[in-house]
Amino acid sequence: MPSVLVSLSSSVSPQMREYERFNTTIANAYIQPLMKAYLDRLKGRLQAAGADCPVFLMHSGGGIISLESAAAFPVRLVESGPAGGAIFAAEIAARHQLDKVLSFDMGGTTAKICLIQNHTPKTARVFEVARSYRFKKGSGMPISIPVIDMVEIGAGGGSLAHVDQLRQIRVGPESAGSEPGPACYGRGGERPAVTDADLIMGKLDPDNFAGGSIQLDVGQSAAALKAHIGQILDMDATEAAWGLAEVVDENMANAARVHAIENGEDLSEYTMIAFGGAAPLHAARLCEKLGIARCLVPPGAGVGSAIGFLCAPFSFEANRSVFMPMRAFDAEQIKALFAEMEAEAAGFVRSCDGKADIALEYKIYMRYAGQGWEIAVPISAADARQPEAARFLARFEEDYKRLFGRTVQGMDAEITVWSVNAFTPTARPQAVQDVAAKTPAQSQQSRPCFDPALGQAMPAQIIVRGGLAAGSLVDGPALIVEDETTIVLPASRQAAAASDGTIDIRVKGQMDGN
């Protein structure tokens with residue numbers, strides 16, 4: 001039966017936990033015929049249009065794979081778009097030599113947060129799809145695939161607000177979408193969205209939205225905010241917009257706090273990288289709430305995920321579940337297991353580019369006996385080729401103590417999952433050079449912009465991003481504008497243009513060395 005598509009769990013998800021493994025294999029089988037037909041049509045139409053070149057797709061783990069691999073394992077594409085954004089942020093982190101970065105990607109419907117350490121996004125093995133309650137952890141179907149670990153919140157420019165039975169403002173997860181869009185689009189939307197609040201607070205220019213291609217209606221935004229929030233809570237349109245914005249910003253900040261605590265991290269040590277059309281509007285306020293002193297807004301922020309695709313390596317991660325308590329450590333079995341996974345992962349990468357140099361990363365997933373979940377423990381190639389129980393245990397206890405503050409004495413440890421990631425090395429980004437001299441940027445215009453920390457509107461100078469030279473210094477309050485987004489600089493912050501065009505935002509006084 002050569003025309004029948006078969007999904008084997010031993011290939012799709014060779015990992016322990018039957019429920020997750022079953023879900024993943026069923027999901028792969030369900031979408032495989034649809035995806036294969038689509039990819040075949042895509043390849044044919046590109047060739048007919050004269051694009052007779054290899055075609056590759058992004059996968060959820062942050063790399064690119066061939067059409068053939070994607071057709072065999074389409075379930076690995078489920079979170080591919082946001083993964084591109086994390087790769088983009090990791091590239092910016094490497095360029096600016098930042099070891100601890102919080103990636104903040106906010107678009108039209110969702111916001112996504114990812115921890116990036118040593119220029120590498122944090123990864124996971126399980127991801128939820130088809131949630132009964134959108135964005136509510138635990139309400140979806142777990143899929144066991146290699147995936148960049150991100151927290152997703154129903155907070156985007158189109159997220160709609162309402163007042164609940166407790167007379168509290170709630171934002172999302174329902175979204176206006178592109179049609180009809182927020183009320184200010186004038187396309188039939190009657191409920192207030194985050195974009196409506198941003199407009200009323202002065203963050204957006206109604207006459208120059210999307211490079212002037214869309215005229216925003218301030219009156220429609222004010223009417224929607226008044227009708228659905230103001231009349232219920234006795235607020236005017238500006239106060240309703242402030243309340244909406246504070247709720248959405250606090251939701252995002254709280255999600256970031258929880259994610260950081262779950263991973264044993266202190267966000268005050270991190271730098272935020274903000275991208276997506278809406279993130280620069282909210283990034284500075286989010287930094288204030290999280291105690292983050294520095295934020296970078298790179299060029300091309302509105303299309304950061306797409307740029308990330310171009311930075312991504314060819315990659316494929318192979319996994320195996322072989323349960324092994326440390327008391328039954330078998331070095332020969334481990335060497336054979338790693339050799340098998342190396343061949344599998346490298347084979348998929350070579351199917352994309354047969355001449356490519358290939359690098360390998362190794363992980364083991366360990367826990368104490370009796371625990372329900374494991375932690376990922378990176379190991380070296382030398383450990384994989386000459387495994388020793390004492391080194392494996394020492395690496396596990398070091399990471400376990402970093403996460404939870406202590407180890408568990410007198411309890412045996414065990415390995416449940418083994419992993420090899422094969423990828424093509426990418427060129428190391430050229431480091432951004434510091435600009436010693438800072439020159440105040442010139443502004444000819446200003447408009448009122450509401451500062452949530454101060455609770456009042458402030459005259460904000462308007463700076464065109466395209467006119468900033470390296471070293472240009474902007475003191476808040478200010479709005480740095482371009483066609484694809486606006487960077488909101490509150491009174492407490494100042495920003496300088498780096499030599500690569502990135503806008504470097506810090507607490508006022510830090511930029512000049514005070």
# chains A, B, ... in the order shown; residues from 1 in each chain; ligands from 1
>>> residues_around(residues="stretch 56-70 of chain A", least_positions_apart="5", cutoff="8 Å", atoms="only C-alpha atoms", output="PyMOL selection string")
chain A and resi 39+76-81+83-84+86-87+123+146-148+309+312-316+348-349+351-352+423
>>> residues_around(residues="A:Phe88", least_positions_apart="4", cutoff="7 Å", atoms="only C-alpha atoms", output="list in words")
Gly84, Ile92, Gly304, Ser305, Ile307, Gly308 and Cys311 of chain A
>>> closest_residue(among="A:Glu179, A:Glu484, A:Asp500, A:Glu288", to="A:Gly212", atoms="only C-alpha atoms")
A:Glu484
>>> select_by_dssp(residues="stretch 99-148 of chain A", states="strand (DSSP E or B)", output="ChimeraX atom specification")
/A:100-106,111-117,120-121,123-124,127-129,141-143,147-148
>>> closest_residue(among="A:His282, A:Lys137, A:Arg447, A:Arg45", to="A:Ala197", atoms="only C-alpha atoms")
A:His282
>>> atom_distance(atom1="atom CA of A:Asp383", atom2="atom CA of A:Ile143")
29.3 Å
